[in-house]
Amino acid sequence: MTTRPLKFWQGVNQALHQEMERDEKVVLVGEDVGGPGGPYGVTRNLRATFGPNRVRDTPISEATIAGLGVGAAAVGLRPVVELMFFDFCMLAMDQIVNQAAKYRYFTGRSLPLTIRTMSGSGGSYGAQHCQSFEAWFAAVPGLTVVMPSNARDAKGLLKSAIRSDDPTLVIETFGLLTARRDTPVDEDFLVPLGVAETRRTGDDVTVVATGRMVDRALEAAERAAADGVSVEVIDPRTIAPLDRATIVGSVSRTGRLVVVQEAPAPFSVAAEVCALAVEECFGRLRAAPVRLCAEFANVPTPQDLVEARVPGVDTIHAALLKVAE
Amino acid sequence: MPDDVTSPPPADLYRRLLLCRRFEEVVAEQYREGRVPGPLHLALGQEATAVGVCAALRRTDVITSTHRGHHHCLAKGADVDRMMAELLGRRTGYSAGRNGSMHIADPDVGLLGTNGIVGGGLPIATGAAFGLQVQGRDDVAVCFFGEGATATGNFGEALNLAALWALPVVFVCENNRFAELTPSSTHVAGEVWQRAEAYGFPGVRVDGGDVHAVAAASHEAVARARAGDGPTLLEVMTYRLSGHYVGDPAEYRDEAEAQAWRDRDAVVRARADLAETDAAAIDDEIETLLAGAVERALAAPAADPEELG
Ligand SMILES: Cc1ncc(C[n+]2csc(CCOP(=O)(O)OP(=O)(O)O)c2C)c(N)n1
Ligand SMILES: [Mg+2]
């Protein structure tokens, strides 16, 4: 397959172009997604290509934007709705949690809805624009939640989400928008939902990392290798349903688990992964699972404070050596 | 200010308008120097809304503001040094420099907060009005919001409830013709001020280029709220001379439209109401105040990573 070193946002953009080209039932709806191509240019050229009927700028009406997706999917479209920041999904909670997620349960019918949003503390936007709520949505039956950590997965997961017959929340990460990874240009390239990727193999420690923390974990693993510690790095890619088999298989082999995420630890994805390891790999654990997470504090604005709050490569590296002792 | 005076003395008006204008211009310079850690949404061209409305308020009245709220904060009496320090990420700022422009609050002067969530202040102002009403205070709540926020569910919920309970609240829609990168024609249906009528309370449209007109309309709305007669919706027609944020090239904007607004600039007009020597003295006063604020902020320690909260 031909690949190109796409930026994360280009992966998203290419997925949208390809899926809108492939299926005229795919529409894109959200604040500023049309003319300007989104506040960060992620959706650029889509309106020029597919026209104002299928690419719609909405007013600032998050509840109704999500609801537009529910209703339009119920009558036969495959809508992609954008809620600009994860924090703004809070205004659309009812439509996502009480309506979209319950649709199949109540009606027995599919609801091919994709909700795209952006998370994480990469942008110095402060406490109401940088929060990480993936665990909240992963706790709701009826929702698929994906969180790509790179351009390739951003493209492949979004395409799968759009083709999926059930509501899927796609969490893009602000701090990764310009990061590159080789990405197949092919329109049949998909990344399956619910399947983790082992980004690096190793024997001594399993790291499970999400979103912006994946690249940091890979770098820390590289350094640990130089120190004689062999680290396996797993990116779940889909948060719900979690690829339990891949994680359990790895932890059973290494006996050690470190989970790295940008959300704070309490009641989080990291908590769930640790619980999984304890439940399924108890007899094979050689050390207590470790969680490296954001401090349980609000996201500040200045970038140095933001970075002080989340795990960096040094912290991860040190934790890897310690757990392997 | 006594309740029967509808507009403060011209020198006061000019001083307040100029403070809002120059504060933001100075902060924008600091931003370009790389000294402002977060995003900056400026209200250049919109100063008369904040100054006109707040001229009708007492210190004990409360306001809620927005992501574009420096002028609201200053007009309500927030401390210039603490604001400047917050924007420059210093520990002497309102929030110890941790939060920046979108999260400034000073409850002591009735400023319940700027806000990163569009429409987030509408229910809060309504709740504050409820709290004032229950306590039998004759203070009022004022909610500043952009025309973009009229599309939120919060807008409809707040107006309905405020009407039902005759709450002492004034809803001030600052219609600056844009929400982010799109003109209001694409996201606001009908006329904002007319929406009040459906809820059974007054809706008033006023020229945001005329600080006296804004002050007069606010005075009436505030008096109505204080008297227990319920809410008013003021739509102030203004214009965002700046981009959505500092650094936004604002290519989507019609330059002729912007120039027409500059030609009737409220700050320039307020200055023209004064004798030249009086105006020049105020100019000096504001420059000294702001230069000092920047100097003191930069001398203060930067926000401390140990102080996350
Ligand atoms: C709930 C919510 N949705 C979207 C945004 C992103 N956003 C920030 S400012 C803005 C435009 C607001 O327009 P308006 O209310 O007219 O205020 P103005 O910026 O013109 O002062 C948008 C959409 C947000 N901050 N909060
Ligand atoms: Mg506006």
# chains A, B, ... in the order shown; residues from 1 in each chain; ligands from 1
$ interface_residues --of "chain B" --to "chain A" --cutoff "9 Å" --atoms "only C-alpha atoms" --output "ChimeraX atom specification"
/B:36-39,89,97-100,102-103,115-119,148-153,179-182,184,186-188,252,303-306,308-309
$ write_last_selection --atoms "C-alpha atoms" --output "tab-separated table (two decimals), in the first residue's frame"
chain	number	residue	atom	x	y	z
B	36	VAL	CA	0.76	36.18	27.07
B	37	PRO	CA	0.47	32.41	27.63
B	38	GLY	CA	-3.11	31.86	26.48
B	39	PRO	CA	-5.45	32.99	23.71
B	89	GLY	CA	0.70	34.58	33.57
B	97	GLY	CA	-1.59	33.52	36.53
B	98	ARG	CA	-2.89	30.00	35.97
B	99	ASN	CA	-5.96	30.70	33.88
B	100	GLY	CA	-5.62	33.82	31.78
B	102	MET	CA	-11.12	33.50	29.72
B	103	HIS	CA	-11.28	32.85	33.46
B	115	ASN	CA	-16.24	32.31	30.64
B	116	GLY	CA	-14.79	29.90	28.11
B	117	ILE	CA	-18.18	28.37	27.37
B	118	VAL	CA	-20.39	30.36	25.02
B	119	GLY	CA	-23.71	30.94	26.77
B	148	GLY	CA	-23.71	33.72	18.92
B	149	ALA	CA	-24.89	32.67	22.36
B	150	THR	CA	-28.52	33.30	21.41
B	151	ALA	CA	-28.35	29.97	19.56
B	152	THR	CA	-27.67	28.03	22.74
B	153	GLY	CA	-30.33	26.25	24.72
B	179	ALA	CA	-19.25	34.38	15.93
B	180	GLU	CA	-15.72	33.08	15.49
B	181	LEU	CA	-15.16	33.13	11.74
B	182	THR	CA	-18.74	33.40	10.52
B	184	SER	CA	-24.09	36.48	12.41
B	186	THR	CA	-25.46	32.56	9.14
B	187	HIS	CA	-26.22	31.68	12.74
B	188	VAL	CA	-28.88	34.00	14.15
B	252	TYR	CA	-13.65	36.93	6.09
B	303	ALA	CA	2.66	31.23	37.66
B	304	ASP	CA	3.86	28.34	39.78
B	305	PRO	CA	3.43	24.75	38.58
B	306	GLU	CA	3.12	23.80	42.27
B	308	LEU	CA	-2.39	23.76	40.27
B	309	GLY	CA	-5.87	23.56	41.67
$ select_by_dssp --residues "range 71-152 of chain B" --states "strand (DSSP E)" --output "compact mmCIF listing (two decimals) with N, CA, C and O atoms, in the first residue's frame"
# COMPACT_ATOMS: atom_id res chain seq x y z
N ALA B 141 -28.67 41.69 38.41
CA ALA B 141 -27.67 40.91 37.69
C ALA B 141 -27.72 41.31 36.22
O ALA B 141 -28.80 41.54 35.66
N VAL B 142 -26.54 41.41 35.61
CA VAL B 142 -26.46 41.69 34.18
C VAL B 142 -25.69 40.57 33.52
O VAL B 142 -24.63 40.16 33.99
N CYS B 143 -26.24 40.05 32.44
CA CYS B 143 -25.57 38.99 31.70
C CYS B 143 -25.11 39.55 30.35
O CYS B 143 -25.92 39.94 29.52
N PHE B 144 -23.79 39.59 30.15
CA PHE B 144 -23.25 39.94 28.84
C PHE B 144 -23.07 38.66 28.03
O PHE B 144 -22.54 37.66 28.56
N PHE B 145 -23.46 38.68 26.78
CA PHE B 145 -23.22 37.52 25.91
C PHE B 145 -23.21 37.99 24.47
O PHE B 145 -23.78 39.04 24.15
N GLY B 146 -22.59 37.22 23.61
CA GLY B 146 -22.54 37.58 22.20
C GLY B 146 -23.80 37.10 21.49
O GLY B 146 -24.54 36.27 22.00
$ residues_around --residues "Ile162 in chain A" --least-positions-apart "6" --cutoff "8 Å" --atoms "only C-alpha atoms" --output "number ranges by chain"
A: 19, 26, 78-80, 112-114
$ write_last_selection --atoms "all heavy atoms" --output "PDB file, in the first residue's frame"
ATOM      1  N   GLU A  19     -14.771   9.207   2.498  1.00  0.00           N
ATOM      2  CA  GLU A  19     -16.073   8.632   2.860  1.00  0.00           C
ATOM      3  C   GLU A  19     -17.226   9.433   2.255  1.00  0.00           C
ATOM      4  O   GLU A  19     -18.260   8.877   1.890  1.00  0.00           O
ATOM      5  CB  GLU A  19     -16.209   8.505   4.377  1.00  0.00           C
ATOM      6  CG  GLU A  19     -15.234   7.496   4.992  1.00  0.00           C
ATOM      7  CD  GLU A  19     -15.282   6.121   4.324  1.00  0.00           C
ATOM      8  OE1 GLU A  19     -16.359   5.490   4.321  1.00  0.00           O
ATOM      9  OE2 GLU A  19     -14.228   5.678   3.790  1.00  0.00           O
ATOM     10  N   VAL A  26     -23.228  10.383   3.573  1.00  0.00           N
ATOM     11  CA  VAL A  26     -22.366  10.974   4.605  1.00  0.00           C
ATOM     12  C   VAL A  26     -22.435  12.493   4.496  1.00  0.00           C
ATOM     13  O   VAL A  26     -22.202  13.057   3.425  1.00  0.00           O
ATOM     14  CB  VAL A  26     -20.906  10.491   4.456  1.00  0.00           C
ATOM     15  CG1 VAL A  26     -20.020  11.132   5.520  1.00  0.00           C
ATOM     16  CG2 VAL A  26     -20.844   8.962   4.556  1.00  0.00           C
ATOM     17  N   ARG A  78     -25.802   9.095   7.113  1.00  0.00           N
ATOM     18  CA  ARG A  78     -24.654   8.665   7.900  1.00  0.00           C
ATOM     19  C   ARG A  78     -23.918   9.926   8.350  1.00  0.00           C
ATOM     20  O   ARG A  78     -22.857  10.258   7.829  1.00  0.00           O
ATOM     21  CB  ARG A  78     -23.700   7.839   7.022  1.00  0.00           C
ATOM     22  CG  ARG A  78     -23.727   6.406   7.329  1.00  0.00           C
ATOM     23  CD  ARG A  78     -22.898   5.547   6.424  1.00  0.00           C
ATOM     24  NE  ARG A  78     -23.621   4.302   6.375  1.00  0.00           N
ATOM     25  CZ  ARG A  78     -23.598   3.404   7.361  1.00  0.00           C
ATOM     26  NH1 ARG A  78     -22.824   3.542   8.394  1.00  0.00           N
ATOM     27  NH2 ARG A  78     -24.337   2.337   7.278  1.00  0.00           N
ATOM     28  N   PRO A  79     -24.502  10.669   9.281  1.00  0.00           N
ATOM     29  CA  PRO A  79     -23.945  11.981   9.595  1.00  0.00           C
ATOM     30  C   PRO A  79     -22.653  11.910  10.404  1.00  0.00           C
ATOM     31  O   PRO A  79     -22.463  11.013  11.225  1.00  0.00           O
ATOM     32  CB  PRO A  79     -25.041  12.655  10.426  1.00  0.00           C
ATOM     33  CG  PRO A  79     -25.928  11.571  10.891  1.00  0.00           C
ATOM     34  CD  PRO A  79     -25.743  10.382  10.011  1.00  0.00           C
ATOM     35  N   VAL A  80     -21.778  12.877  10.118  1.00  0.00           N
ATOM     36  CA  VAL A  80     -20.620  13.129  10.965  1.00  0.00           C
ATOM     37  C   VAL A  80     -20.864  14.496  11.579  1.00  0.00           C
ATOM     38  O   VAL A  80     -20.970  15.491  10.850  1.00  0.00           O
ATOM     39  CB  VAL A  80     -19.316  13.166  10.143  1.00  0.00           C
ATOM     40  CG1 VAL A  80     -18.123  13.467  11.058  1.00  0.00           C
ATOM     41  CG2 VAL A  80     -19.105  11.853   9.396  1.00  0.00           C
ATOM     42  N   PRO A 112     -26.268   5.000  12.455  1.00  0.00           N
ATOM     43  CA  PRO A 112     -24.908   5.205  11.950  1.00  0.00           C
ATOM     44  C   PRO A 112     -24.441   6.649  12.124  1.00  0.00           C
ATOM     45  O   PRO A 112     -24.346   7.414  11.180  1.00  0.00           O
ATOM     46  CB  PRO A 112     -25.016   4.834  10.472  1.00  0.00           C
ATOM     47  CG  PRO A 112     -26.446   5.088  10.118  1.00  0.00           C
ATOM     48  CD  PRO A 112     -27.259   4.891  11.359  1.00  0.00           C
ATOM     49  N   LEU A 113     -24.136   7.005  13.358  1.00  0.00           N
ATOM     50  CA  LEU A 113     -23.773   8.381  13.701  1.00  0.00           C
ATOM     51  C   LEU A 113     -22.322   8.443  14.151  1.00  0.00           C
ATOM     52  O   LEU A 113     -21.890   7.632  14.977  1.00  0.00           O
ATOM     53  CB  LEU A 113     -24.683   8.871  14.844  1.00  0.00           C
ATOM     54  CG  LEU A 113     -24.235  10.136  15.596  1.00  0.00           C
ATOM     55  CD1 LEU A 113     -24.213  11.350  14.667  1.00  0.00           C
ATOM     56  CD2 LEU A 113     -25.172  10.401  16.771  1.00  0.00           C
ATOM     57  N   THR A 114     -21.569   9.393  13.622  1.00  0.00           N
ATOM     58  CA  THR A 114     -20.205   9.645  14.081  1.00  0.00           C
ATOM     59  C   THR A 114     -20.154  11.032  14.706  1.00  0.00           C
ATOM     60  O   THR A 114     -20.580  12.007  14.084  1.00  0.00           O
ATOM     61  CB  THR A 114     -19.208   9.579  12.907  1.00  0.00           C
ATOM     62  OG1 THR A 114     -19.298   8.290  12.305  1.00  0.00           O
ATOM     63  CG2 THR A 114     -17.781   9.816  13.390  1.00  0.00           C
TER      64      THR A 114
END
$ closest_residue --among "A:Ala101, A:Ala179, A:Leu190, A:Ile247" --to "Ala139 in chain A" --atoms "only C-alpha atoms"
A:Ala101
$ residues_around --residues "range 11-18 of chain B" --least-positions-apart "4" --cutoff "10 Å" --atoms "only C-alpha atoms" --output "ChimeraX atom specification"
/B:7,22-24,45-52,55,71,74-77,211-212,266-275,278-279,281-283,285-287
$ write_last_selection --atoms "N, CA and C atoms" --output "compact mmCIF listing (two decimals), in the first residue's frame"
# COMPACT_ATOMS: atom_id res chain seq x y z
N SER B 7 -26.29 59.25 32.59
CA SER B 7 -24.99 59.12 31.97
C SER B 7 -23.97 59.84 32.84
N ARG B 22 -7.22 50.96 25.50
CA ARG B 22 -5.76 50.91 25.61
C ARG B 22 -5.30 49.66 26.35
N PHE B 23 -6.09 49.21 27.32
CA PHE B 23 -5.73 47.97 28.02
C PHE B 23 -5.54 46.85 27.00
N GLU B 24 -6.52 46.72 26.11
CA GLU B 24 -6.44 45.62 25.15
C GLU B 24 -5.32 45.82 24.13
N GLY B 45 -13.54 48.17 19.67
CA GLY B 45 -14.75 48.61 18.95
C GLY B 45 -16.01 48.40 19.75
N GLN B 46 -15.94 47.57 20.81
CA GLN B 46 -17.14 47.23 21.57
C GLN B 46 -17.15 47.89 22.95
N GLU B 47 -16.21 48.80 23.20
CA GLU B 47 -16.04 49.34 24.55
C GLU B 47 -17.30 50.00 25.09
N ALA B 48 -18.05 50.67 24.20
CA ALA B 48 -19.20 51.43 24.67
C ALA B 48 -20.28 50.53 25.27
N THR B 49 -20.31 49.27 24.87
CA THR B 49 -21.30 48.36 25.45
C THR B 49 -21.02 48.19 26.95
N ALA B 50 -19.79 47.82 27.24
CA ALA B 50 -19.45 47.56 28.64
C ALA B 50 -19.56 48.83 29.47
N VAL B 51 -19.00 49.93 28.94
CA VAL B 51 -18.98 51.17 29.72
C VAL B 51 -20.39 51.74 29.89
N GLY B 52 -21.16 51.70 28.83
CA GLY B 52 -22.53 52.21 28.90
C GLY B 52 -23.38 51.41 29.87
N ALA B 55 -22.25 51.77 33.55
CA ALA B 55 -22.53 53.10 34.10
C ALA B 55 -23.84 53.09 34.88
N HIS B 71 -13.27 44.22 28.63
CA HIS B 71 -13.96 45.51 28.79
C HIS B 71 -15.06 45.42 29.85
N LEU B 74 -13.19 45.52 33.27
CA LEU B 74 -12.67 46.86 33.59
C LEU B 74 -13.82 47.81 33.91
N ALA B 75 -14.89 47.74 33.13
CA ALA B 75 -16.01 48.67 33.35
C ALA B 75 -16.70 48.38 34.68
N LYS B 76 -16.63 47.14 35.13
CA LYS B 76 -17.28 46.81 36.42
C LYS B 76 -16.36 47.11 37.60
N GLY B 77 -15.13 47.50 37.29
CA GLY B 77 -14.25 47.93 38.37
C GLY B 77 -13.19 46.93 38.78
N VAL B 211 -22.27 55.70 23.33
CA VAL B 211 -22.21 55.28 24.73
C VAL B 211 -23.35 55.89 25.54
N HIS B 212 -23.80 57.08 25.16
CA HIS B 212 -24.91 57.70 25.89
C HIS B 212 -26.20 56.92 25.68
N ALA B 266 -16.49 55.10 19.22
CA ALA B 266 -17.03 55.68 20.46
C ALA B 266 -15.94 56.33 21.31
N VAL B 267 -14.75 55.78 21.26
CA VAL B 267 -13.67 56.34 22.08
C VAL B 267 -13.28 57.72 21.54
N VAL B 268 -13.15 57.79 20.23
CA VAL B 268 -12.79 59.08 19.60
C VAL B 268 -13.88 60.12 19.86
N ARG B 269 -15.12 59.69 19.76
CA ARG B 269 -16.23 60.63 19.96
C ARG B 269 -16.31 61.11 21.40
N ALA B 270 -16.02 60.22 22.33
CA ALA B 270 -16.05 60.63 23.74
C ALA B 270 -14.94 61.64 24.02
N ARG B 271 -13.81 61.44 23.35
CA ARG B 271 -12.70 62.37 23.54
C ARG B 271 -13.08 63.76 23.01
N ALA B 272 -13.80 63.77 21.88
CA ALA B 272 -14.17 65.03 21.25
C ALA B 272 -15.14 65.84 22.11
N ASP B 273 -15.77 65.17 23.08
CA ASP B 273 -16.68 65.89 23.98
C ASP B 273 -15.92 66.70 25.03
N LEU B 274 -14.61 66.51 25.09
CA LEU B 274 -13.82 67.16 26.15
C LEU B 274 -12.94 68.26 25.57
N ALA B 275 -12.56 69.19 26.44
CA ALA B 275 -11.54 70.17 26.05
C ALA B 275 -10.22 69.43 25.85
N ASP B 278 -8.05 68.65 28.92
CA ASP B 278 -8.64 67.62 29.81
C ASP B 278 -8.43 66.24 29.21
N ALA B 279 -8.69 66.15 27.90
CA ALA B 279 -8.54 64.86 27.23
C ALA B 279 -7.09 64.39 27.30
N ALA B 281 -4.88 65.08 29.47
CA ALA B 281 -4.54 64.66 30.84
C ALA B 281 -5.02 63.23 31.09
N ILE B 282 -6.20 62.93 30.59
CA ILE B 282 -6.72 61.56 30.77
C ILE B 282 -5.87 60.57 29.97
N ASP B 283 -5.49 60.96 28.76
CA ASP B 283 -4.62 60.09 27.96
C ASP B 283 -3.36 59.73 28.76
N GLU B 285 -2.88 59.88 31.97
CA GLU B 285 -3.23 59.11 33.17
C GLU B 285 -3.34 57.61 32.83
N ILE B 286 -4.04 57.33 31.72
CA ILE B 286 -4.26 55.92 31.34
C ILE B 286 -2.94 55.27 30.90
N GLU B 287 -2.13 56.02 30.14
CA GLU B 287 -0.84 55.44 29.70
C GLU B 287 0.03 55.10 30.90
$ residues_around --residues "range 279-287 of chain A" --least-positions-apart "6" --cutoff "8 Å" --atoms "only C-alpha atoms" --output "PyMOL selection string"
chain A and resi 248+251-257+323
$ atom_distance --atom1 "CA of Val185 in chain A" --atom2 "CA of Arg47 in chain A"
20.8 Å
